[in-house]
>>> print(open('entry_39.cif').read())   # mmCIF, C-alpha atoms
data_query
loop_
_atom_site.label_atom_id
_atom_site.label_comp_id
_atom_site.auth_asym_id
_atom_site.auth_seq_id
_atom_site.Cartn_x
_atom_site.Cartn_y
_atom_site.Cartn_z
CA MET A 188 32.09 129.89 1.32
CA MET A 189 34.90 129.14 -1.13
CA LYS A 190 34.20 126.40 -3.61
CA ASP A 191 36.46 124.14 -5.58
CA ASN A 192 35.87 121.03 -7.60
CA ILE A 193 37.67 118.71 -5.24
CA ILE A 194 37.84 120.68 -1.99
CA GLN A 195 35.15 122.72 -0.29
CA ALA A 196 36.59 125.13 2.24
CA MET A 197 34.88 127.24 4.89
CA ASP A 198 36.02 129.47 7.69
CA ARG A 199 35.14 128.64 11.25
CA ASP A 200 36.29 131.45 13.56
CA GLY A 201 39.67 131.73 11.92
CA VAL A 202 40.17 128.03 11.29
CA THR A 203 39.75 126.77 7.73
CA VAL A 204 37.81 123.54 7.43
CA ALA A 205 38.41 121.94 4.03
CA ARG A 206 36.31 118.95 3.04
CA ILE A 207 37.54 116.70 0.27
CA ARG A 208 34.87 115.92 -2.29
CA ALA A 209 36.37 112.87 -3.98
CA GLU A 210 36.18 109.15 -3.38
CA ALA A 211 39.69 108.55 -4.71
CA ILE A 212 42.86 110.61 -5.06
CA LEU A 213 44.90 108.11 -6.98
CA ASN A 214 45.68 108.98 -10.54
CA GLU A 215 47.30 111.96 -12.19
CA ASP A 216 44.29 114.16 -12.89
CA GLN A 217 42.79 113.54 -9.45
CA VAL A 218 46.13 114.28 -7.77
CA GLN A 219 46.71 117.36 -9.91
CA ALA A 220 43.32 118.83 -8.98
CA PHE A 221 43.92 117.91 -5.35
CA GLY A 222 47.37 119.53 -5.35
CA GLN A 223 46.11 122.74 -6.90
CA ALA A 224 43.26 122.97 -4.42
CA LEU A 225 45.63 122.34 -1.52
CA LEU A 226 48.06 125.00 -2.70
CA ALA A 227 45.20 127.50 -2.79
CA LEU A 228 44.70 126.79 0.92
CA ALA A 229 48.27 127.95 1.57
CA ASP A 230 47.61 131.36 -0.01
CA ILE A 231 47.04 132.97 3.37
CA PRO A 232 50.16 132.97 5.56
CA GLY A 233 49.65 131.43 8.99
CA ARG A 234 46.46 129.71 8.01
CA ARG A 235 45.30 126.84 10.19
CA VAL A 236 43.67 124.16 8.06
CA ILE A 237 41.67 121.09 8.98
CA LEU A 238 41.44 118.72 6.03
CA ASN A 239 38.42 116.45 6.33
CA PHE A 240 38.84 113.08 4.58
CA LEU A 241 35.26 111.86 5.06
CA GLY A 242 34.30 109.88 1.94
CA VAL A 243 37.87 109.43 0.68
CA HIS A 244 38.48 105.72 0.21
CA HIS A 245 41.57 105.55 -1.99
CA LEU A 246 44.81 107.53 -1.82
CA SER A 247 48.14 107.07 -3.60
CA SER A 248 51.68 108.10 -2.73
CA LEU A 249 51.31 110.99 -5.18
CA ALA A 250 48.52 112.40 -3.02
CA LEU A 251 50.66 111.94 0.08
CA GLY A 252 53.30 114.08 -1.63
CA GLU A 253 50.77 116.87 -2.10
CA LEU A 254 49.79 116.71 1.57
CA ILE A 255 53.43 116.94 2.62
CA ARG A 256 53.87 119.97 0.35
CA LEU A 257 50.90 121.75 1.94
CA HIS A 258 52.10 120.85 5.42
CA LYS A 259 55.51 122.41 4.70
CA ARG A 260 54.05 125.55 3.16
CA LEU A 261 51.67 126.16 6.03
CA ALA A 262 54.33 125.41 8.65
CA GLU A 263 56.78 127.81 6.98
CA SER A 264 54.26 130.64 7.31
CA GLY A 265 53.35 129.83 10.90
CA GLY A 266 50.21 127.93 9.98
CA GLU A 267 49.23 124.33 10.57
CA LEU A 268 47.65 121.39 8.79
CA CYS A 269 45.47 118.92 10.68
CA LEU A 270 43.70 115.89 9.23
CA ALA A 271 40.37 114.45 10.36
CA ASP A 272 37.69 111.85 9.61
CA ILE A 273 40.10 109.44 7.95
CA ASP A 274 38.81 106.10 6.70
CA PRO A 275 40.55 103.22 8.55
CA ARG A 276 42.12 101.95 5.31
CA ILE A 277 43.51 105.41 4.53
CA TRP A 278 44.69 105.78 8.11
CA GLU A 279 46.67 102.58 7.63
CA ILE A 280 48.51 104.21 4.72
CA PHE A 281 49.51 107.08 7.00
CA ALA A 282 50.64 104.59 9.63
CA ILE A 283 52.68 102.45 7.19
CA THR A 284 54.47 105.50 5.81
CA ARG A 285 54.80 106.94 9.35
CA LEU A 286 53.21 110.14 8.18
CA ASP A 287 50.98 109.86 11.24
CA ARG A 288 54.04 111.31 13.01
CA LEU A 289 54.23 114.28 10.65
CA PHE A 290 50.56 115.21 10.55
CA ARG A 291 48.33 116.03 13.47
CA ILE A 292 45.42 113.66 13.02
CA PHE A 293 42.03 113.83 14.76
CA ASP A 294 39.27 111.24 14.70
CA ARG A 295 36.60 113.82 13.92
CA GLU A 296 36.48 117.27 12.37
CA GLU A 297 34.71 118.68 15.44
CA GLU A 298 37.55 117.51 17.69
CA ALA A 299 40.08 119.23 15.45
CA VAL A 300 38.06 122.45 15.38
CA ALA A 301 37.69 122.43 19.17
CA ALA A 302 41.42 121.82 19.62
CA LEU A 303 42.53 124.56 17.25
CA LEU A 304 39.99 127.10 18.54
CA GLY A 305 41.03 126.28 22.10
CA GLU A 306 44.69 126.80 21.25
CA GLY A 307 43.85 130.06 19.50
CA ARG A 308 42.09 131.35 22.62
CA ALA A 309 44.93 130.20 24.87
CA GLU A 310 47.42 132.15 22.78
CA THR A 311 45.50 135.45 22.98
CA MET B 993 39.57 110.22 -24.19
CA ASP B 994 42.21 107.54 -23.78
CA GLN B 995 42.20 104.64 -26.13
CA SER B 996 42.00 101.31 -24.40
CA PRO B 997 45.36 99.57 -24.76
CA ALA B 998 45.37 96.43 -26.84
CA ASP B 999 45.34 93.41 -24.58
CA THR B 1000 45.81 89.74 -25.20
CA ARG B 1001 45.15 86.73 -23.02
CA ASP B 1002 47.37 83.68 -23.30
CA SER B 1003 46.62 80.04 -22.54
CA ALA B 1004 48.12 80.32 -19.06
CA GLY B 1005 45.56 82.98 -18.16
CA TRP B 1006 47.84 86.00 -18.39
CA THR B 1007 46.34 89.16 -19.84
CA GLU B 1008 49.03 91.29 -21.43
CA GLU B 1009 48.87 94.96 -22.35
CA VAL B 1010 51.30 97.52 -23.71
CA LEU B 1011 50.59 100.97 -22.25
CA PRO B 1012 51.86 104.32 -23.47
CA THR B 1013 53.79 106.35 -20.91
CA ARG B 1014 50.82 108.48 -19.93
CA LEU B 1015 49.45 108.37 -16.38
CA THR B 1016 45.87 108.61 -17.57
CA ALA B 1017 46.39 105.35 -19.48
CA ILE B 1018 46.47 103.47 -16.17
CA ARG B 1019 42.78 103.98 -15.52
CA GLU B 1020 41.33 101.61 -18.11
CA SER B 1021 43.68 98.78 -17.13
CA GLU B 1022 42.87 99.34 -13.48
CA ARG B 1023 39.17 99.19 -14.26
CA LYS B 1024 39.61 95.80 -15.97
CA VAL B 1025 41.63 94.38 -13.07
CA LEU B 1026 39.05 95.56 -10.54
CA ALA B 1027 36.26 94.06 -12.65
CA CYS B 1028 38.08 90.69 -12.61
CA LEU B 1029 38.45 90.86 -8.82
CA ALA B 1030 34.79 91.71 -8.40
CA ALA B 1031 33.73 88.89 -10.72
CA LEU B 1032 35.71 86.42 -8.62
CA GLY B 1033 34.21 87.75 -5.40
CA TYR B 1034 37.34 89.21 -3.83
CA GLY B 1035 36.60 91.27 -0.71
CA GLU B 1036 36.96 95.01 -0.32
CA ASP B 1037 40.26 94.80 1.55
CA HIS B 1038 41.93 92.76 -1.19
CA CYS B 1039 40.53 95.08 -3.85
CA PHE B 1040 41.88 98.08 -1.95
CA ALA B 1041 45.33 96.49 -1.63
CA VAL B 1042 45.58 95.39 -5.26
CA ARG B 1043 44.28 98.71 -6.59
CA LEU B 1044 46.82 100.66 -4.56
CA ALA B 1045 49.78 98.44 -5.47
CA PHE B 1046 48.72 98.34 -9.13
CA GLU B 1047 48.53 102.13 -9.28
CA GLU B 1048 51.86 102.60 -7.49
CA ALA B 1049 53.69 100.09 -9.71
CA LEU B 1050 52.47 101.73 -12.92
CA ILE B 1051 53.13 105.26 -11.65
CA ASN B 1052 56.67 104.20 -10.72
CA ALA B 1053 57.21 102.60 -14.14
CA MET B 1054 56.05 105.71 -15.99
CA LYS B 1055 57.44 108.47 -13.76
CA HIS B 1056 60.64 107.01 -12.37
CA GLY B 1057 61.32 104.29 -14.94
CA ASN B 1058 60.38 105.83 -18.27
CA ARG B 1059 60.71 109.39 -16.87
CA MET B 1060 57.45 110.26 -18.65
CA ASP B 1061 59.17 109.83 -22.02
CA PRO B 1062 56.27 109.33 -24.47
CA SER B 1063 58.50 107.29 -26.80
CA ARG B 1064 58.78 104.59 -24.13
CA GLN B 1065 56.16 102.03 -23.20
CA VAL B 1066 55.14 100.00 -20.17
CA ARG B 1067 54.40 96.30 -20.44
CA LEU B 1068 51.70 95.09 -18.08
CA ALA B 1069 50.60 91.51 -17.47
CA TYR B 1070 48.16 90.20 -14.89
CA ARG B 1071 46.63 86.86 -14.02
CA ILE B 1072 43.75 86.69 -11.59
CA SER B 1073 42.48 83.39 -10.25
CA PRO B 1074 40.16 82.62 -7.35
CA GLU B 1075 43.28 82.00 -5.23
CA ARG B 1076 45.66 84.82 -6.13
CA VAL B 1077 46.37 87.98 -8.08
CA GLU B 1078 49.65 88.25 -9.99
CA ILE B 1079 50.77 91.50 -11.59
CA TYR B 1080 53.84 92.11 -13.70
CA VAL B 1081 55.00 95.58 -14.77
CA ALA B 1082 58.05 96.37 -16.92
CA ASP B 1083 59.36 99.75 -18.00
CA GLU B 1084 61.98 100.82 -20.53
CA GLY B 1085 64.02 102.96 -18.17
CA ALA B 1086 67.54 102.66 -16.81
CA GLY B 1087 66.40 100.59 -13.83
CA PHE B 1088 67.08 101.11 -10.16
CA ARG B 1089 68.19 99.21 -7.10
CA PRO B 1090 65.18 98.75 -4.82
CA ASP B 1091 67.43 98.19 -1.80
CA CYS B 1092 68.93 101.65 -2.37
CA VAL B 1093 65.62 103.52 -2.17
CA PRO B 1094 65.79 105.79 0.90
CA ASP B 1095 63.62 104.69 3.80
CA PRO B 1096 60.78 107.25 3.72
CA THR B 1097 59.85 106.55 7.34
CA VAL B 1098 63.03 107.83 8.99
CA ASP B 1099 62.86 111.37 10.36
CA GLU B 1100 65.20 112.96 7.82
CA ASN B 1101 63.18 111.55 4.89
CA LEU B 1102 59.68 112.06 6.27
CA GLN B 1103 59.10 115.19 4.20
CA ARG B 1104 60.89 113.94 1.08
CA PRO B 1105 58.74 112.71 -1.82
CA CYS B 1106 60.48 109.39 -2.58
CA GLY B 1107 60.15 105.76 -1.59
CA ARG B 1108 56.55 105.64 -0.44
CA GLY B 1109 55.19 103.94 -3.55
CA VAL B 1110 57.59 101.00 -3.25
CA MET B 1111 56.91 100.81 0.48
CA LEU B 1112 53.14 100.67 -0.05
CA MET B 1113 53.49 97.95 -2.70
CA ARG B 1114 55.55 95.85 -0.28
CA SER B 1115 53.11 96.48 2.55
CA TYR B 1116 49.95 95.55 0.69
CA MET B 1117 51.10 92.70 -1.54
CA ASP B 1118 52.36 89.33 -0.28
CA GLU B 1119 55.25 89.11 -2.74
CA VAL B 1120 57.07 91.95 -4.51
CA ASN B 1121 60.12 90.95 -6.55
CA TYR B 1122 62.22 93.10 -8.86
CA SER B 1123 64.39 91.96 -11.74
CA ALA B 1124 68.11 92.34 -11.26
CA ASN B 1125 68.23 95.69 -13.08
CA GLY B 1126 65.02 96.98 -11.45
CA THR B 1127 63.05 97.56 -14.65
CA GLU B 1128 60.53 94.78 -13.94
CA VAL B 1129 58.42 94.08 -10.89
CA ARG B 1130 56.22 91.10 -10.13
CA MET B 1131 53.66 91.31 -7.32
CA VAL B 1132 51.39 88.65 -5.85
CA LYS B 1133 48.46 88.89 -3.46
CA TYR B 1134 47.00 85.65 -2.12
CA ARG B 1135 43.34 85.53 -1.32
CA ALA B 1136 43.97 83.41 1.76
CA ASN B 1137 46.21 86.06 3.30
CA PRO B 1138 44.52 88.98 5.07
CA VAL B 1139 45.44 92.51 4.06
CA ARG B 1140 47.81 94.22 6.47
CA GLY B 1141 45.89 95.65 9.40
CA PHE B 1142 42.56 94.37 8.18
CA PRO B 1143 41.14 90.91 8.78
CA GLU B 1144 39.17 90.28 5.59
CA SER B 1145 35.79 91.90 6.00
CA GLY B 1146 34.15 89.54 3.53
CA ARG B 1147 32.35 92.42 1.82
CA ARG B 1148 32.63 92.27 -1.93
CA CYS B 1149 34.23 94.95 -4.03
#
>>> encode(input="entry_39.cif", output="structure tokens")
Amino acid sequence: MMKDNIIQAMDRDGVTVARIRAEAILNEDQVQAFGQALLALADIPGRRVILNFLGVHHLSSLALGELIRLHKRLAESGGELCLADIDPRIWEIFAITRLDRLFRIFDREEEAVAALLGEGRAET
Amino acid sequence: MDQSPADTRDSAGWTEEVLPTRLTAIRESERKVLACLAALGYGEDHCFAVRLAFEEALINAMKHGNRMDPSRQVRLAYRISPERVEIYVADEGAGFRPDCVPDPTVDENLQRPCGRGVMLMRSYMDEVNYSANGTEVRMVKYRANPVRGFPESGRRC
């Protein structure tokens, strides 16, 4: 299991499940740590990442920028970013900014894992 | 550790602070605003909205207004009553035209990093008004108005 201060990532049959370990990603130092941890997830080309937001209750536009950056990096290498377990207030931020159209969002981490593993099997 | 910015409170109930252009300086002011909201019994949804708009306004002032120039300052004033929250933020930058900020929700801008802070401020506060040159913003959130998408839960922050 890989460990990071703000993100804990684990592999589940080729899908990376990354759980955010912060209540807020608002200010500069929180966003900086978040951005660095996200970029580390893009180290492996083609990686499929599920980012679990359980326990995250505050998010700023700076953090949204970091998510967009990871999404682009993963997409460029043939990978994918999915989001899951998003607090209703945070989900509203995605809806207002229409980023719910950019990101693939699942209600629960397990649903995202099942979907990505199913797609992986269908492709082989 | 950041020094707490000097703040003064006038007879009309405004608390005024002068912040250095340093993003970490926002935290202490934010803590004081949230403490005021909690003391007046504002609900979680209002606290969420004010915290987000407060953070976005100050980030915009420092990053886009003052361009992180440490020789420039940000003036902050807030007045919190049982009925409403008023926040005023002024930077020392060149200003901008809020109506010229690209719409971040259209397809061609969806992956660009600009415009979301202003959009979130407008979405979560009841009033957001800029000065003519765009260096000052005044925001108001009324307690009687629910937060977008969330009928007030009544839980305290």
>>> resolve_selection(input="entry_39.cif", expression="the PyMOL selection byres ((chain B) within 10 of (chain A))", output="MDAnalysis selection string")
chainID B and resid 1014:1019 1037 1040:1041 1043:1045 1047:1048 1051 1095:1099 1102:1112 1115:1116 1140:1142
>>> resolve_selection(input="entry_39.cif", expression="the PyMOL selection byres ((chain A and resi 189-206) around 12)", output="PyMOL selection string")
chain A and resi 188+207-212+216-231+233-243+266-273+295-308
>>> atom_distance(input="entry_39.cif", atom1="CA of Tyr1122 (chain B)", atom2="CA of Arg1089 (chain B)")
8.7 Å
>>> closest_residue(input="entry_39.cif", among="B:Met1054, B:Ala1069, B:Ala1030, B:Met1060", to="Asp1083 (chain B)", atoms="all atoms listed in the file")
B:Met1054
>>> resolve_selection(input="entry_39.cif", expression="the PyMOL selection byres ((chain B and resi 1012) around 7)", output="PyMOL selection string")
chain B and resi 1010-1011+1013-1014+1017+1062+1064-1066
>>> atom_distance(input="entry_39.cif", atom1="CA of Arg1148 (chain B)", atom2="CA of Glu1119 (chain B)")
22.9 Å
>>> atom_distance(input="entry_39.cif", atom1="CA of Tyr1080 (chain B)", atom2="CA of Arg1059 (chain B)")
18.9 Å
>>> closest_residue(input="entry_39.cif", among="B:Glu1084, B:Glu1009, B:Glu1100, B:Glu1078", to="Gly1057 (chain B)", atoms="only C-alpha atoms")
B:Glu1084
>>> axis_aligned_box(input="entry_39.cif", around="region 1036-1049 of chain B", padding_each_side="4 Å", output="JSON")
{"center_x": 45.3, "center_y": 97.7, "center_z": -4.1, "size_x": 24.7, "size_y": 17.8, "size_z": 19.3}
>>> residues_around(input="entry_39.cif", residues="Ser1003 (chain B)", least_positions_apart="4", cutoff="12 Å", atoms="only C-alpha atoms", output="list in words")
Thr1007, Glu1008 and Arg1071 of chain B
>>> closest_residue(input="entry_39.cif", among="B:Val1042, B:Ile1072, B:Leu1032, B:Ala1053", to="Trp1006 (chain B)", atoms="all atoms listed in the file")
B:Ile1072
>>> build_atoms(input="entry_39.cif", residues="region 1057-1076 of chain B", atoms="N, CA and C atoms", output="PDB file, in the coordinates of the input")
ATOM      1  N   GLY B1057      60.673 105.153 -13.960  1.00  0.00           N
ATOM      2  CA  GLY B1057      61.320 104.290 -14.940  1.00  0.00           C
ATOM      3  C   GLY B1057      61.464 104.991 -16.283  1.00  0.00           C
ATOM      4  N   ASN B1058      60.356 105.224 -16.928  1.00  0.00           N
ATOM      5  CA  ASN B1058      60.380 105.830 -18.270  1.00  0.00           C
ATOM      6  C   ASN B1058      60.539 107.354 -18.235  1.00  0.00           C
ATOM      7  N   ARG B1059      60.547 107.939 -17.049  1.00  0.00           N
ATOM      8  CA  ARG B1059      60.710 109.390 -16.870  1.00  0.00           C
ATOM      9  C   ARG B1059      59.755 110.180 -17.755  1.00  0.00           C
ATOM     10  N   MET B1060      58.533 109.637 -17.880  1.00  0.00           N
ATOM     11  CA  MET B1060      57.450 110.260 -18.650  1.00  0.00           C
ATOM     12  C   MET B1060      57.821 110.497 -20.109  1.00  0.00           C
ATOM     13  N   ASP B1061      58.757 109.727 -20.610  1.00  0.00           N
ATOM     14  CA  ASP B1061      59.170 109.830 -22.020  1.00  0.00           C
ATOM     15  C   ASP B1061      58.100 109.143 -22.884  1.00  0.00           C
ATOM     16  N   PRO B1062      57.384 109.913 -23.705  1.00  0.00           N
ATOM     17  CA  PRO B1062      56.270 109.330 -24.470  1.00  0.00           C
ATOM     18  C   PRO B1062      56.727 108.314 -25.524  1.00  0.00           C
ATOM     19  N   SER B1063      58.021 108.272 -25.825  1.00  0.00           N
ATOM     20  CA  SER B1063      58.500 107.290 -26.800  1.00  0.00           C
ATOM     21  C   SER B1063      58.711 105.912 -26.158  1.00  0.00           C
ATOM     22  N   ARG B1064      58.601 105.865 -24.822  1.00  0.00           N
ATOM     23  CA  ARG B1064      58.780 104.590 -24.130  1.00  0.00           C
ATOM     24  C   ARG B1064      57.423 104.009 -23.718  1.00  0.00           C
ATOM     25  N   GLN B1065      57.416 102.695 -23.540  1.00  0.00           N
ATOM     26  CA  GLN B1065      56.160 102.030 -23.200  1.00  0.00           C
ATOM     27  C   GLN B1065      56.304 101.250 -21.885  1.00  0.00           C
ATOM     28  N   VAL B1066      55.155 100.847 -21.361  1.00  0.00           N
ATOM     29  CA  VAL B1066      55.140 100.000 -20.170  1.00  0.00           C
ATOM     30  C   VAL B1066      54.408  98.707 -20.524  1.00  0.00           C
ATOM     31  N   ARG B1067      55.049  97.590 -20.226  1.00  0.00           N
ATOM     32  CA  ARG B1067      54.400  96.300 -20.440  1.00  0.00           C
ATOM     33  C   ARG B1067      53.744  95.864 -19.135  1.00  0.00           C
ATOM     34  N   LEU B1068      52.476  95.513 -19.249  1.00  0.00           N
ATOM     35  CA  LEU B1068      51.700  95.090 -18.080  1.00  0.00           C
ATOM     36  C   LEU B1068      51.150  93.692 -18.354  1.00  0.00           C
ATOM     37  N   ALA B1069      51.237  92.821 -17.375  1.00  0.00           N
ATOM     38  CA  ALA B1069      50.600  91.510 -17.470  1.00  0.00           C
ATOM     39  C   ALA B1069      49.964  91.195 -16.118  1.00  0.00           C
ATOM     40  N   TYR B1070      48.790  90.605 -16.152  1.00  0.00           N
ATOM     41  CA  TYR B1070      48.160  90.200 -14.890  1.00  0.00           C
ATOM     42  C   TYR B1070      47.389  88.903 -15.093  1.00  0.00           C
ATOM     43  N   ARG B1071      47.361  88.133 -14.011  1.00  0.00           N
ATOM     44  CA  ARG B1071      46.630  86.860 -14.020  1.00  0.00           C
ATOM     45  C   ARG B1071      45.891  86.768 -12.693  1.00  0.00           C
ATOM     46  N   ILE B1072      44.579  86.671 -12.799  1.00  0.00           N
ATOM     47  CA  ILE B1072      43.750  86.690 -11.590  1.00  0.00           C
ATOM     48  C   ILE B1072      42.952  85.405 -11.512  1.00  0.00           C
ATOM     49  N   SER B1073      43.195  84.649 -10.461  1.00  0.00           N
ATOM     50  CA  SER B1073      42.480  83.390 -10.250  1.00  0.00           C
ATOM     51  C   SER B1073      41.695  83.514  -8.954  1.00  0.00           C
ATOM     52  N   PRO B1074      40.880  82.532  -8.630  1.00  0.00           N
ATOM     53  CA  PRO B1074      40.160  82.620  -7.350  1.00  0.00           C
ATOM     54  C   PRO B1074      41.118  82.611  -6.149  1.00  0.00           C
ATOM     55  N   GLU B1075      42.346  82.132  -6.363  1.00  0.00           N
ATOM     56  CA  GLU B1075      43.280  82.000  -5.230  1.00  0.00           C
ATOM     57  C   GLU B1075      44.262  83.167  -5.094  1.00  0.00           C
ATOM     58  N   ARG B1076      44.632  83.792  -6.223  1.00  0.00           N
ATOM     59  CA  ARG B1076      45.660  84.820  -6.130  1.00  0.00           C
ATOM     60  C   ARG B1076      45.611  85.797  -7.296  1.00  0.00           C
TER      61      ARG B1076
END
